[in-house]
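Student: Next up is a structure, given as structure tokens.
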Amino acid sequence: MDEIKRIRELRALLEQLSYEYYVLDHPSRSDQEYDRYMQELIALEEKHPEEYDPNSPTQRVGGAVLDGFEKVEHKRMMLSLGNVFNYEELAAFDERVRASESQVRYVVELKIDGLAMSLIYQDGNFVQAVTRGDGNIGEDVTNNIKTIQSIPMHIDLMGEVEVRGEVYMPKASFRRLNSEREANGEELFANPRNAAAGSVRQLDSSICAKRGLDAFWYYFVNAQEYGIHSQEEALETMSQMHLRVNPLRRCCDTVDEIWQFIQEISEQRHDLPYEIDGIVIKVDDLNAWTRLGTTVKVPRWATAYKFPAEEVKTRLLDIVLSVGRTGRITPNAVLEPVRVAGTTVSAAQLHNEDMIKEKDIRIHDIVIVRKAGDIIPEVVGPDIERRDGSQQPYVFPSTCPICGGHLLRLPQEAAHYCINQDCPARVVESIIHFASRDAMDIDTLGDKRVEQLHEWGMLDSIEDIYRLKEHRQELLAKEGYQAKSVQKLLDAIEKSKENPLEDLLFGLGIRQVGKKAARILAKQFLSMDALMAADEEQLTMIRDIGEITAKSIVAFFAEEKNQHMIDQLRSFGLRMDSEKEEIKESIFTNKTIVLTGTLSYYTRNEAKAILLSLGANVAGSVSKKTDLVIYGENAGSKLTKAQELGVEMMNEEAFVQEVKAYESQ
């Protein structure tokens, strides 16, 4: 037989067998036959190196080791989705769609909990895989994605084809991987999503190949170029291309039909062989997608229903107190470890004494635990019916757990405070805060390192940060402190001296002075000396600086210890003044503005910074003094209140356009 012809036959046969095994789950040949064909192909390819094909079945096992991942700009932006959380919000989404479209049909699909991915095929050949990244720029992970056996290396369409979907780790692969890591003494992955993301980002593709990843594909990006006019037709076409498309989906004509499907899947989700974190609802008509359009990052023709936070029960073993930089005491629940929403939870904040009393939480209670927003663990309350008499009401201590000093609860405040300024916990927390990203942003001086340096007697105050260079030789003698890492730390400390006055003010940890107040104070007084000389009357005349904040600022600078600290920091060369800002005149100048909802184009902090640079005052809540509310997706009570008060409103799209107009001036 012609060996070149046989190579091509074997490649086609092995691709078909992979499709049957990994996508259809219905192999027509045994594993032994598959292996025999593979060995025959390997031998023939070695004999005919001129027939090398990067997409041959023999090239999928991994082995390429990269120095890093190249950045790739998406030809078409990879959008995220807006969210709905209940029937009413789903119905509101449907109403918005029907306001533009007379006939509406939806395709309802599972939202796979994995890593968004784009595949590019050129003239039938797989050429590239790119992560979502920020939606505009992702990373080329082609070598790793080729190791996923269910992804075809060839399709039956010519020209350029782009499909998008989700790379995920099946539950079975996740369990196997964590068992192996546990046996090797390695840190376990928290959940399959993290494990999938970590696997795709391996520079050695042979590691990724062993992780057992898979993928579902749900979006044929340029489907209309191939005469396809509906999402359901696009899914069927991708399936015909041998791409793995999830069969668990439904076409629905009404909100009630969608809701019925959501209820059915909610009951099945824990029995699925993969994790899902919601249900995606898409308008079926692709022409309607164009008519409905998108916001800056979110399509108007689709949304995602997110499942309610998972609640589990576990035992509360103890309540322990932690001490913050201001002396604030925070009670924390010590829990019997339990899996919640994909991760193991063993602790949760209880906030203050009042919360413990209101919820009647007692040590040894069986408590209900969930993750707020699927992120932060919280104790919902006790299961009172499970009490056996061993539980007693919790009595809040009167002394600090660290220094033994007296705890004080201030009038009209829920929190207790340790009033000993030399309390070791307060010292450590104040240094951690000073070095944090939002304050002086001292790279590599994180929580653990601050605690370690404090234990060694090198950091007993904020000023000691700038004396660390005197301990260089001591540091080099410590385990884990190499010359390069020590120099990086000292360079970051030196660089922080250039930070603006507002960062220093925030870093000092003055009670009631957050990031926003620090910026206002720096802009108003322009120097540390001017601020230190200000009295309460001067301070309260400033917009957004109230009486309590003014008293706190005056009290802070009246303390001799704090005055000495400022003098020391000044002698080390830290900036004690601020340049007068030139405010661009805009439609936002001198207006009180509230941001609400999910912003897609800017982060909330970026939007705040832009508004401040354009002369606005950004507030946290809506009142009669509010001039404008800028809203993103899923805006809630703030938008409702603005409507009730007749406050002017602007959507995110209009806001972005206004900002771009000023930037172009």
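Just remember, in the structure tokens the first chain shown is A, the second B, etc., residues are 1-based per chain, and ligands are 1-based in the order shown.
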Applying 12 Å and only C-alpha atoms, which residues near segment 409-411 of chain A remain after dropping the ones on its own chain fewer than 6 positions away? List them as a list in words.

Tutor: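 Listed by chain and then number, they are Gly327, Arg328, Ile329, Asn352, Glu353, Asp354, Phe396, Pro397, Ser398, Thr399, Tyr417, Cys418 and Ile419 of chain A.
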
Student: Show which residues sit within 10 Å of Met158 of chain A, as JSON, numbers by chain. Count only C-alpha atoms, and ignore same-chain residues fewer than 4 positions away.

Tutor: {"A": [121, 122, 123, 124, 125, 226]}

Student: Nearest to Thr294 of chain A among A:Ile112, A:Ile42, A:Ala642, A:Met77, with distances taken over only C-alpha atoms: which residue is it?

Tutor: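 Going through A:Ile112, A:Ile42, A:Ala642, A:Met77 one by one, the smallest distance to Thr294 of chain A is for A:Met77.
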
Student: Which residue gives the smallest distance to Leu531 of chain A among A:Phe69, A:Phe557, A:Tyr219, A:Trp289, with only C-alpha atoms counted?

Tutor: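 For Leu531 of chain A, the nearest of the candidates is A:Phe557.
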
Student: Which parts of segment 393-527 of chain A does DSSP call strand (DSSP E or B) when run on the backbone here, written out as a ChimeraX atom specification?

Tutor: /A:393,399,406-409,416-418,527

Student: How would you write, as a PyMOL selection string, the set of residues in segment 231-432 of chain A that DSSP gives as helix (DSSP H, G or I)?

Tutor: chain A and resi 231-240+255-271+286-292+353-359+384-386+424-432

Student: Could you tell me which of A:Ala558, A:Val163, A:Val323, A:Ile520 comes closest to Ser613 of chain A if we count only C-alpha atoms?

Tutor: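 Among the listed residues, A:Ile520 lies closest to Ser613 of chain A.
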
Student: Name the closest residue to Ile265 of chain A among the candidates A:Met650, A:Val108, A:Gly227, A:Val427; distances are taken between atoms, counting only C-alpha atoms.

Tutor: A:Val108

Student: At what distance in Å, to one decimal, does atom CA of Ser102 of chain A lie from atom CA of Ala223 of chain A?

Tutor: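 About the pair atom CA of Ala223 of chain A and atom CA of Ser102 of chain A: they are 23.0 Å apart.
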
Student: With only C-alpha atoms as the counted atoms, please give the residues lying no more than 7 Å from Pro299 of chain A, apart from itself and same-chain residues fewer than 3 positions off, as a list in words.

Tutor: Leu79, Leu81, Gly293, Thr294, Thr295 and Ala302 of chain A

Student: Atom CA of Ser436 of chain A and atom CA of Gln538 of chain A, how far apart in Å?

Tutor: 29.7 Å

Student: So how many Å separate atom CA of Ser100 of chain A and atom CA of Thr290 of chain A, to one decimal?

Tutor: 11.5 Å

Student: Tell me which of A:Trp217, A:Trp456, A:Phe506, A:Phe93 sits closest to Glu474 of chain A, counting only C-alpha atoms.

Tutor: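 Using only C-alpha atoms, Glu474 of chain A sits closest to A:Trp456.
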
Student: If we count only C-alpha atoms and set the cut-off at 7 Å, which residues sit around Pro500 of chain A, ignoring sequence neighbours fewer than 4 positions away in its own chain? Please answer as a list in words.

Tutor: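 So the residues in contact are Leu504, Arg575 and Ser578 of chain A.
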
Student: For each of A:Gln524, A:Ser266, A:Ser322, A:Asn143, take the minimum atom-to-atom distance to Ile402 of chain A, counting only C-alpha atoms, then give the residue where this is smallest.

Tutor: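 For Ile402 of chain A, the nearest of the given residues is A:Ser322.
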
Student: Please list as a count of residues only every residue within 12 Å of Met458 of chain A, counting only C-alpha atoms and excluding residues in the same chain fewer than 3 positions away.

Tutor: 23

Student: Hey, what's within 7 Å of Ala116 of chain A if we count only C-alpha atoms and toss same-chain stuff fewer than 5 positions away? As a ChimeraX atom specification, please?

Tutor: /A:131-132,165-167
